Each structure stands twice: as structure tokens, then as C-alpha cells.
Amino acid sequence: MESEHTHTHIVKLRVLLAVWGALLVLTYFTVAATYVDLGSLNLWVAMGVATLKGSLVALYFMHLRYDRPFNAIVFVTALVFVMLFVSLALLDTVHYKPEMIPGYAPALESPQVGE
Amino acid sequence: MSAGKSSGTEGSHGDPHLAHHFDTPTQQFESGRLGMWIFLATEILLFGGLFCAYAVYRSNHPDIFIYAHRYLDVPLGALNTAILICSSLTMAWAVRCAQLGKQRGLVILLALTLVCAFGFLGVKAIEYQHKWKHGLLWGERFAPAGEPEHGESQKENAAPAPNASPSHSAAEAVADKAASLLATATKRKRPSNVHIFFGIYFLMTGLHALHVIAGMTVIGWVLARSLRGHFTGGYFTPVDLVGLYWHLVDLIWIYLFPLLYLIH
Amino acid sequence: MTTIDTTLPLGAEAPADESDALNYLTVRRGLMSWLLTLDHKRIGIMYLVSILSAFFLGGVFALLIRTELLTPQRTIMDADTYNQMFTLHGAVMIFLFIIPGIPAALGNFVLPIMLGAKDVAFPRLNLTSYYLYVFGAVFAVLSIATGGVDTGWTFYTPYSTTTNTSVIAMTAGAFILGFSSILTGLNFIVTIHKLRPAGMGWFTMPLLLWALYATAIIQVLATPVLGITLLLLIVERALGVGIFDPALGGDPVLYQHFFWFYSHPAVYIMILPAMGIISELISVFSRKHIFGYRFIAYSSVAIAVLGFLVWGHHMFTSGQSALANTIFSALTFSVSIPSAIKVFNWLATMYGGSIVLATPMCYALAFIFLFGIGGLSGLFLGTLATDVHLHDTYFVVAHFHYVMMGGTVIAFLGGLHYWWPKMFGRMYSELWGKIGAAVIFVGFNITFFSQFLMGSQGMPRRYYNYLPKFQAYHEWSSVGSYLMAVGFIVTAACLVHSLLRGPKAPANPWGAASLEWQCSSPPPVENFSTTPQPGDPYDFSGLVYDPRVSGYVKQEGAG
């Protein structure tokens, strides 16, 4: 039983509260940023803030910063594979040519559903 | 989610929580944590499919997303984000109490986490009810009644988010301007297949809500065990693993919120 | 080196084993002691029985299909029944047999013992995984009872969302089976990470463990995407969400992206453990250290990772963009590199070894031959231009049967024979084992080589009727399948006979050096009383045949 207090890291309460505060501030910031027109940057700002928030949760609330590095590898690997999935699927689907199919160009046609 | 309940048969080396096939409590604890992280990785990939569907439709039909997201209620979404962040704090704090062997704190904080989770589902239920009433549903069920009522003007009385509402007045003009620009661009016409957005909205938030319910179940389970004094400074693996799961639920919502509510 | 004759004497006097102590099979009796067991060995045996039942079921479907195809017109069933037969054959064989086959049945039994561990990291999760498998299988069978499924095992939309067969039951079954597979993979990763004994580094593990580890990575990373895909399909059918439905503005090709993001890596879930078994068999039965250990180990992980980058090669004719087609085609060729590395290393291991043609080795040799054909024919299909011609023909059917059946099933049988004495403590008849292997091998080639021929001439897959010019090939193929069935019956009879009448197995009948051969056959409940001292799993120098136990024993200093 000697290893009980050595095998985990106890995060200081001060750190937990600081992370909590930062998360709330960032939430406010990301909502506010939506109302500023940054063009296509808006999406990237929103995703950047979300990633920052997510990193805070993972590093401090989930102890990844103090944990075995392999757990972080597992986590990052999962994210990498999601990105791989999304980006390779996008690679194909952005090349769709709906104008080549007669009668199929939803964005240009008049509404069909629910009118 | 029960990856940590690894104790096969009760150990015979004095520690009642050490399973027979582990040599030390540390080895067992770390196995549990690694197992949980791998499980979380599978959860990320599970949601990854929905994120992929989202990305494909948004990149191909941005007009649908810009048009339809205004049916969502930003203050309620922000409120729910804040609620989940608070529940994450109480959960992390609960783990800290468990590590330090503070029984009372552990019980109180787990209970608070559960209260937050109920709050989240309550707000979600209000949102779902609103969409149901207005026929803002998926696919075949999509039968909207009227144009979107610019997120910020509706239901001010329902539950204003303290940290989000000030921005509305400040940014309202900009938002209206953007909306009118958009309206000219689309000639005030609803793009077809708007229901795709609501299909994705309900799938993402619905699957997330199922995870919230699963999280509440396991939090309830560790709460019951902590009330019976099962956890000590030397054995708190279930609290720790349930905490990891709950933070992931929060983490996914952190992405869902801007992707669904905060489209510019 | 001593002359080795592993043709074990049938009916040889079973040596009075000093360890007639209780083993995992005899320690507790009664049905409940099995149903509620947490012992990885018993769970492995339960998996074995289940997957063999599934294999039997899928095999019956296959024979019915082959019988129907004996003539160009109706032979024994109508077209709708035929559609259901090939769907069920595919779904049962893939989801119920091949994917759980080697990892969950053989892997569950062998992996912890190879590590010198007492059990997998999470025994309860292991049992949960088994019951999820049973539960999923029940759903799949339910779909048969409630009208069958006629979509093919790929459940492509929009047909799968509009057909009136019980797609929901089958996909719900596959969804649950996916969870079972995830839990097995999770368990194996943690077990290999955390329960390796002191003295066993990553590069002194038996190669089967590397293969199972790489498999588990795919199971964990790919299977959840199958989960969400099937979930979307179910809500699409049940609620009409429209994500994949072109009538509602949805995208059916997106379904294919989703499906193949799992299902292409899944073919490596099927083949990687098979390759791991072959690495063990080739080295043990060549009495020679495995050649290129690190290359084989790394190539397993490389296959696992590269396998995620090539799914679009199933979609060349789906309307996928030219850019994606080109990239996926180019990436597909990269997978052949690690696969070829393995084959060359196996051949180099055999070179100069004293090869023992025991039954498992016969299967290993058959594997190399058949996997060679299967793998190389994959290159034609990965090439964009030729695939347009060969897509959806019997060439594809022949290709994946050469890889999946000629590869995985043959390796599974090799592994089953190899670990059979360890599992049940009985030796089977080498003669009948080899006869079974030979008949299966010949029958297999007759069945599927003719499919290469008719496929390259344009015979489309999944067709109920066909042009008369293909009839001769179909007849050969069907006759081959009957021969193969005979081979499986011989093999099954040989193994069942060994359970009843077989001579007692020694601890180490093959002279292998990995840890599972250091405990008695069958192993005791806790596998090892003390954690064994792991050495080089491919160093056979200290092992000498001892006729008194009709097995190998360790002789210190007898290098």
C-alpha cells in the first residue's frame, strides 16, 4: 500500500479553479467572437478556442499533464484518426459536381421539402 | 465504461481491491486508467463519424448551415456549456477529494455534478421541446412554421445565460447586418434541404445526451458507493475513471457548441 | 540437432503425468462454472465453440449458394432467397466468424499465457465481450428468422434504407458485435502493456503478440466508426433522417466512406492475427530462429496504420472524385510493402531450417501460397484502370476469398491444430490432420481459382442467373466447394476423435520456446504458479525431444 500516494498526482485546488475560470472566460469569448465578422476566420477562431478549452480540460481536469505519456498518445492518436477520416472524406466530397446531375442542385433550386 | 472494474477475484495479499492477476495496486490502477483512455479513444472515433458528416455537409452546403443555425438558441447553448464546465470542475474536485480521502467532500461534489447533469438535460429538453413544437425536425419530419426568429430575440425569459447575454446587445447590430446580407444573397429564400442541418443537430446532441445519461448513471453508482464509504485515499479507481468519462462528455460538448450554435 | 519425428505415434502409451492435478478444464464442473467464468482460457473456449458454430452456419449458406449456381437458371432456390443467402453468408462469416475468430478465440486463450500472466487485464470485461458477441449473434439470427436481409454484407444505401427485409435487426447485431470486438481489443492492448513480465521487452515478445496488438489498435480505432455508421443507418430507416438518402438531399457515397473507413481496416483485423500465427508456426517447425524479427513486428503496425489510408479503393466506381481515386489507388500499393516483408521473412526463416511437416506447418505453407495469390491479385484491383474492368466481378470474390479464407481461415486452422494439445491436453492424429489439410487446400483452389478465371472474363458477382458460357467455371467452383466441405468434415472428425480417444499431450509437443509451452497441457487455472522467466521465444537450442513424455523438454547446456 506504500505506492498509493505516489501513483497519482493530486491537482491543486487553485489550479482546478483557475482552469474553471479560464473555461468560462473562453466560452464568453467564443460567443462574442461570433458576432464579429472575420470572414472564413470565424470558423477557425471558434475551433481554436474550442481546442484551447479542450486542452485545458484534458491536461488539468483529466490529469493528462501529470499522467503516463502513453495515455496522452492514445488520446492524440484518436484525434489524429478522426482528422484523417474527416480530411480524406472531405478530399473526395468537395469535388462533387452536383451541376452535372440534371435536376440535382439543391442549393440553387427552389425549396422542395417542407414548403 | 466499467473498464476499471477489473478485480477478477478478490486478491489474497491483504489488499481487498487487488485482483489476483495484478502484482501491485499501482499496476492495477494504471491498467484501469489506460483501459479507460482507450475506451475514450473509441468514444472520440464514434463521435468522429458525426463530425465527418457535419464537415462534409457544411463544406458542401454552407448556406443550409448559415440559414438553419439561427433556429437554435445561443443563450441556452451557452448556458449549457457553462453548466457542463461547472460539472467538470466539481467532478475534478471530487476526484481530488477521493485522492485525499475526504469522504464528505467527495459525496457533496459528486452530488453537485449530478445536479449539473440534470440541469444540462433540463435545458436540452426545453430546446428539444421548442424545436418539436415548431416542426424543426429531421428529414421526413421537417415541417417548420415560419422563418427563424433570430436566436437572441426569442425566449429571453426562459433562461438567460449570464456570461453570454451581454454580447447580444453589443453584437446585435453586426449580427443583423450579417443576416440581412445573407438574406439578400439567398434572396430571402430558404435553401432546400434545411432539414439536413436538423438531422445532424439531433444526431449530435442526441448521441451526446445519451452519453450524459450514461455518465449520470455511473456518477450515481460511484455516489452510492461513496455514501457507503467504499473509497479511501488508497482506493479510488472508480471515481477517477468515471471522472475521465465525464470530462470527455464535457469535451465533446465544447466542440458541439460552436459547431452547431455559433455559425457565422 | 536430434532427428525429429513429430509424427506422433497414435495411441502411444500416455506417460503417467505427475501433474494429474486439476487444470482449468477440470477445476470446476457444471454449466454455470462455464457461463460465469472469468478465466480467459474458458472464455476462449466458449468463443471457439461459438465461432465454429458460426463458421458452420456460414459454410452451409456458402454450399447452398454454390449449389444454386450449378446451373445458369434456377436450381434450388428463387432469386430473393439467393440474395438473402449471399448476404447472410457474408455477414455471418465476417461479423461472427472471421473478425472474432483468431483474436477472441485463439488470442484469448493464448495471449495471457504467452505473456506469462495469470489472466487478461480486465477479466470481467472479457466475459462482457463474450456475452455481447452472443447477444449480437442472436440479433443476426433474429434477422434471418424475421425475413432475412438481401443487401449484401455492406448494407449500401439507399437500397438498405428502402428494402423491406429486416436490415435493422442485422445491423443492430453487427453494432453489438462491434462493441464486443472493441472490448477485446481494449483488453489486449492493456494486457500487453501492463502485464508483460519483467524480462520480456517489446522486442522479445512472440510475434503473435505484436500481431494481436496491431489488430487491437485497429479494433479500437476503426470499430467505433462502424458503430456510428450502423447507428446512422438504423435511425435513417427508423426515423427517415436522410443523411444518406438522395431523395432527401442526402449523400449515399458518404455512406460508403463511412462504411469503408471501418471495413477496410477490418480486413486487417482479419489477416493480421493470421500473420502472427504464421510467424510462430514457421519458426517453430523450421527449428530455426525467426528471420527479421523487428521487420515482422514493425510491419504489423505498419499494416495497421496504412490500412486506414486506403479505404477509397473500394469506391473507384462509386462516383468518387478523380483526385480521391488517384490518391487512394497510390496509397493502396504501399500496403503491399509490409505484407511482402512478412512473406520474405517467413521464406528466409525456412531457408536452411530443418522443416517438420506437421499439420500446423502444412497449413502455414498453404497460407504462404494462398496469401501470395490473394495478395498479388489485390494489386490488380488496387490499380485504378484495371479495377474499373474487374470491379464487382468474381475476380474480386476470388481475391478476397484467397486472402480471407486462404489466408485467415487456413492460419486459424493451423493455429487451432498447433494449440489444440495445449487447449485440451490431447494429441490429434497427424495423418488425418494432414489429409484434412490437403483436401481443404485442393478443394479451396478448385473453388476459387475458377472464380478468378470467370471474373476476368466479366462474370459479375452476386448474380443469380448468368450466361451459359460461365457454366463450366461455376460447376468447377461448386464441385471444389463440396470437396472443401469434405475436408472440413475430416478435420472436424479428427479433432473430435482426439478429444475422445487422443493420447495425452505433453507440455511441449512441438518444441516451441514461447511461454505457453512451459505450463502443463491443459494449463492449470492460474497458468503459472510463479511468473516464468521469459527468454528468446525463438531460441530452440535448449529443447530436446524426450520419448518418455513424447514431447520436448528443456535441457540446460544442451545447446
# chains A, B, ... in the order shown; residues from 1 in each chain; ligands from 1

call {"tool": "closest_atom_pairs", "arguments": {"of": "chain C", "to": "chain A", "cutoff": "9 Å", "atoms": "only C-alpha atoms", "output": "CSV"}}
result
residue,atom,partner,partner_atom,distance
C:Leu221,CA,A:Ala78,CA,6.9
C:Ala222,CA,A:Phe81,CA,8.9
C:Leu248,CA,A:Val113,CA,8.0
C:Gly249,CA,A:Pro106,CA,7.1
C:Val253,CA,A:Thr93,CA,8.7
C:Leu254,CA,A:Ala89,CA,7.8
C:His257,CA,A:Ala89,CA,6.6
C:Phe258,CA,A:Ala89,CA,8.6
C:Phe261,CA,A:Phe85,CA,7.2
C:Phe308,CA,A:Phe81,CA,8.5
C:Leu309,CA,A:Leu84,CA,8.2
C:Gly312,CA,A:Leu88,CA,8.9
C:Gly319,CA,A:Tyr96,CA,8.8
C:Gln320,CA,A:Asp92,CA,6.3
C:Ser321,CA,A:Asp92,CA,5.5
C:Ala322,CA,A:Asp92,CA,8.3
C:Leu323,CA,A:Asp92,CA,7.2
C:Ala324,CA,A:Asp92,CA,5.3
C:Asn325,CA,A:Asp92,CA,8.4

call {"tool": "write_last_selection", "arguments": {"atoms": "N, CA and C atoms", "output": "mmCIF file, in the first residue's frame"}}
result
data_model
loop_
_atom_site.group_PDB
_atom_site.id
_atom_site.type_symbol
_atom_site.label_atom_id
_atom_site.label_comp_id
_atom_site.auth_asym_id
_atom_site.auth_seq_id
_atom_site.Cartn_x
_atom_site.Cartn_y
_atom_site.Cartn_z
ATOM 1 N N LEU C 221 -9.685 1.682 -32.992
ATOM 2 C CA LEU C 221 -9.808 2.944 -33.724
ATOM 3 C C LEU C 221 -10.839 2.882 -34.846
ATOM 4 N N ALA C 222 -11.070 1.727 -35.427
ATOM 5 C CA ALA C 222 -11.956 1.659 -36.586
ATOM 6 C C ALA C 222 -13.372 1.248 -36.205
ATOM 7 N N LEU C 248 -33.767 12.796 -49.996
ATOM 8 C CA LEU C 248 -33.895 13.883 -49.035
ATOM 9 C C LEU C 248 -32.675 14.804 -49.077
ATOM 10 N N GLY C 249 -31.936 14.749 -50.177
ATOM 11 C CA GLY C 249 -30.754 15.604 -50.267
ATOM 12 C C GLY C 249 -29.532 15.005 -49.607
ATOM 13 N N VAL C 253 -22.921 8.229 -51.256
ATOM 14 C CA VAL C 253 -21.496 7.914 -51.331
ATOM 15 C C VAL C 253 -20.829 8.154 -49.981
ATOM 16 N N LEU C 254 -21.369 9.104 -49.224
ATOM 17 C CA LEU C 254 -20.828 9.335 -47.885
ATOM 18 C C LEU C 254 -20.977 8.074 -47.038
ATOM 19 N N HIS C 257 -18.066 5.985 -47.700
ATOM 20 C CA HIS C 257 -16.880 6.451 -46.973
ATOM 21 C C HIS C 257 -16.921 5.964 -45.529
ATOM 22 N N PHE C 258 -18.082 6.159 -44.904
ATOM 23 C CA PHE C 258 -18.226 5.728 -43.520
ATOM 24 C C PHE C 258 -17.978 4.225 -43.396
ATOM 25 N N PHE C 261 -14.333 3.196 -44.038
ATOM 26 C CA PHE C 261 -13.344 3.639 -43.052
ATOM 27 C C PHE C 261 -13.177 2.570 -41.985
ATOM 28 N N PHE C 308 -5.570 2.240 -42.715
ATOM 29 C CA PHE C 308 -6.559 3.301 -42.547
ATOM 30 C C PHE C 308 -6.565 4.285 -43.702
ATOM 31 N N LEU C 309 -5.567 4.209 -44.571
ATOM 32 C CA LEU C 309 -5.405 5.251 -45.579
ATOM 33 C C LEU C 309 -5.910 4.827 -46.956
ATOM 34 N N GLY C 312 -10.677 4.162 -49.815
ATOM 35 C CA GLY C 312 -11.351 4.604 -51.034
ATOM 36 C C GLY C 312 -11.182 3.661 -52.207
ATOM 37 N N GLY C 319 -18.443 6.903 -58.089
ATOM 38 C CA GLY C 319 -18.639 8.324 -58.326
ATOM 39 C C GLY C 319 -17.701 9.148 -57.476
ATOM 40 N N GLN C 320 -16.779 8.478 -56.826
ATOM 41 C CA GLN C 320 -15.762 9.174 -56.045
ATOM 42 C C GLN C 320 -14.939 10.063 -56.988
ATOM 43 N N SER C 321 -14.432 11.171 -56.471
ATOM 44 C CA SER C 321 -13.735 12.123 -57.336
ATOM 45 C C SER C 321 -12.443 11.518 -57.874
ATOM 46 N N ALA C 322 -12.016 12.054 -59.026
ATOM 47 C CA ALA C 322 -10.806 11.525 -59.664
ATOM 48 C C ALA C 322 -9.596 11.693 -58.764
ATOM 49 N N LEU C 323 -9.538 12.833 -58.056
ATOM 50 C CA LEU C 323 -8.403 13.081 -57.163
ATOM 51 C C LEU C 323 -8.343 12.020 -56.062
ATOM 52 N N ALA C 324 -9.483 11.794 -55.416
ATOM 53 C CA ALA C 324 -9.513 10.800 -54.346
ATOM 54 C C ALA C 324 -9.187 9.416 -54.897
ATOM 55 N N ASN C 325 -9.720 9.087 -56.063
ATOM 56 C CA ASN C 325 -9.411 7.795 -56.681
ATOM 57 C C ASN C 325 -7.907 7.622 -56.840
#

call {"tool": "closest_atom_pairs", "arguments": {"of": "chain C", "to": "chain B", "cutoff": "10 Å", "atoms": "only C-alpha atoms", "output": "tab-separated table"}}
result
residue	atom	partner	partner_atom	distance
C:Thr37	CA	B:Gly8	CA	9.8
C:Leu38	CA	B:Gly8	CA	6.7
C:Asp39	CA	B:Gly8	CA	8.8
C:Ala117	CA	B:His21	CA	7.0
C:Lys118	CA	B:His21	CA	5.2
C:Asp119	CA	B:His21	CA	6.0
C:Val120	CA	B:His21	CA	8.0
C:Ala121	CA	B:Ser6	CA	6.9
C:Phe122	CA	B:Ser6	CA	4.6
C:Pro123	CA	B:Gly8	CA	5.8
C:Arg124	CA	B:Ser6	CA	6.4
C:Leu125	CA	B:Ala3	CA	6.7
C:Asn126	CA	B:Ser6	CA	9.8
C:Phe179	CA	B:Thr42	CA	9.8
C:Ile182	CA	B:Thr42	CA	7.9
C:Leu183	CA	B:Phe39	CA	8.3
C:Gly185	CA	B:Ile38	CA	9.4
C:Leu186	CA	B:Gly35	CA	6.4
C:Asn187	CA	B:Gly35	CA	7.2
C:Phe188	CA	B:Gly35	CA	9.7
C:Ile189	CA	B:Gly35	CA	8.2
C:Val190	CA	B:Gly35	CA	6.1
C:Thr191	CA	B:Ser31	CA	7.9
C:His193	CA	B:Ser31	CA	8.3
C:Lys194	CA	B:Ser31	CA	6.2
C:Leu195	CA	B:Phe22	CA	7.7
C:Ile217	CA	B:Ile38	CA	9.5
C:Gln219	CA	B:Thr42	CA	9.2
C:Val220	CA	B:Thr42	CA	5.8
C:Leu221	CA	B:Thr42	CA	6.0
C:Ala222	CA	B:Leu45	CA	7.5
C:Thr223	CA	B:Thr42	CA	7.9
C:Pro224	CA	B:Leu46	CA	4.7
C:Val225	CA	B:Leu46	CA	5.3
C:Leu226	CA	B:Leu46	CA	8.2
C:Gly227	CA	B:Leu46	CA	6.8
C:Ile228	CA	B:Leu46	CA	5.7
C:Thr229	CA	B:Gly49	CA	7.2
C:Leu231	CA	B:Leu203	CA	9.8
C:Leu232	CA	B:Leu203	CA	8.4
C:Val235	CA	B:Leu203	CA	9.0
C:Glu236	CA	B:Gly139	CA	8.8
C:Leu239	CA	B:Glu140	CA	7.8
C:Gly240	CA	B:Glu140	CA	5.7
C:Val241	CA	B:Gly139	CA	4.3
C:Gly242	CA	B:Gly139	CA	5.1
C:Ile243	CA	B:Ile196	CA	6.6
C:Phe244	CA	B:Ala53	CA	9.8
C:Asp245	CA	B:Gly139	CA	9.2
C:Ala247	CA	B:Gly139	CA	9.8
C:Leu248	CA	B:Gly139	CA	6.5
C:Gly249	CA	B:Asn193	CA	5.9
C:Gly250	CA	B:Ile196	CA	7.5
C:Asp251	CA	B:Tyr57	CA	9.0
C:Leu254	CA	B:Ala53	CA	7.8
C:Tyr255	CA	B:Ala53	CA	9.4
C:His257	CA	B:Cys52	CA	9.9
C:Phe258	CA	B:Gly49	CA	7.2
C:Phe261	CA	B:Gly49	CA	9.6
C:Glu526	CA	B:His21	CA	8.5

call {"tool": "closest_residue", "arguments": {"among": "A:Arg14, A:Gly21, A:His63, A:Ala50", "to": "chain B", "atoms": "only C-alpha atoms"}}
result
A:Ala50

call {"tool": "atom_distance", "arguments": {"atom1": "atom CA of B:Ala143", "atom2": "atom CA of B:Leu79"}}
result
27.4 Å

call {"tool": "residues_around", "arguments": {"residues": "C:Trp260", "least_positions_apart": "3", "cutoff": "8 Å", "atoms": "only C-alpha atoms", "output": "list in words"}}
result
Gln256, His257, Ser263, His264, Pro265, Trp311, Gly312 and His314 of chain C

call {"tool": "residues_around", "arguments": {"residues": "B:His130", "least_positions_apart": "6", "cutoff": "10 Å", "atoms": "only C-alpha atoms", "output": "PyMOL selection string"}}
result
chain B and resi 71-73+124+136+155

call {"tool": "closest_residue", "arguments": {"among": "A:Leu52, A:Val31, A:Val15, A:Leu59", "to": "chain B", "atoms": "only C-alpha atoms"}}
result
A:Val31

call {"tool": "atom_distance", "arguments": {"atom1": "atom CA of B:His264", "atom2": "atom CA of A:Gly48"}}
result
14.8 Å

call {"tool": "residues_around", "arguments": {"residues": "A:Ala18", "least_positions_apart": "5", "cutoff": "12 Å", "atoms": "only C-alpha atoms", "output": "ChimeraX atom specification"}}
result
/A:11-13,23-25,56-57,60-61 /B:89

call {"tool": "write_last_selection", "arguments": {"atoms": "C-alpha atoms", "output": "PDB file, in the first residue's frame"}}
result
ATOM      1  CA  VAL A  11      -4.033  18.558  -8.668  1.00  0.00           C
ATOM      2  CA  LYS A  12      -4.009  21.674  -6.504  1.00  0.00           C
ATOM      3  CA  LEU A  13      -7.413  23.211  -5.881  1.00  0.00           C
ATOM      4  CA  LEU A  23     -13.012  27.875 -19.445  1.00  0.00           C
ATOM      5  CA  LEU A  24     -15.861  30.230 -18.602  1.00  0.00           C
ATOM      6  CA  VAL A  25     -13.977  33.244 -19.939  1.00  0.00           C
ATOM      7  CA  LEU A  56      -7.313  22.667 -20.591  1.00  0.00           C
ATOM      8  CA  VAL A  57      -9.893  20.020 -19.712  1.00  0.00           C
ATOM      9  CA  TYR A  60      -5.743  19.502 -15.888  1.00  0.00           C
ATOM     10  CA  PHE A  61      -9.186  18.029 -15.229  1.00  0.00           C
TER      11      PHE A  61
ATOM     12  CA  LEU B  89     -14.947  21.313 -12.093  1.00  0.00           C
TER      13      LEU B  89
END

call {"tool": "atom_distance", "arguments": {"atom1": "atom CA of C:Arg287", "atom2": "atom CA of C:Pro360"}}
result
13.6 Å

call {"tool": "residues_around", "arguments": {"residues": "C:Trp153", "least_positions_apart": "6", "cutoff": "9 Å", "atoms": "only C-alpha atoms", "output": "ChimeraX atom specification"}}
result
/C:86-92,94

call {"tool": "closest_residue", "arguments": {"among": "B:His208, B:Arg190, B:Lys131, B:Arg228", "to": "chain A", "atoms": "only C-alpha atoms"}}
result
B:Arg190
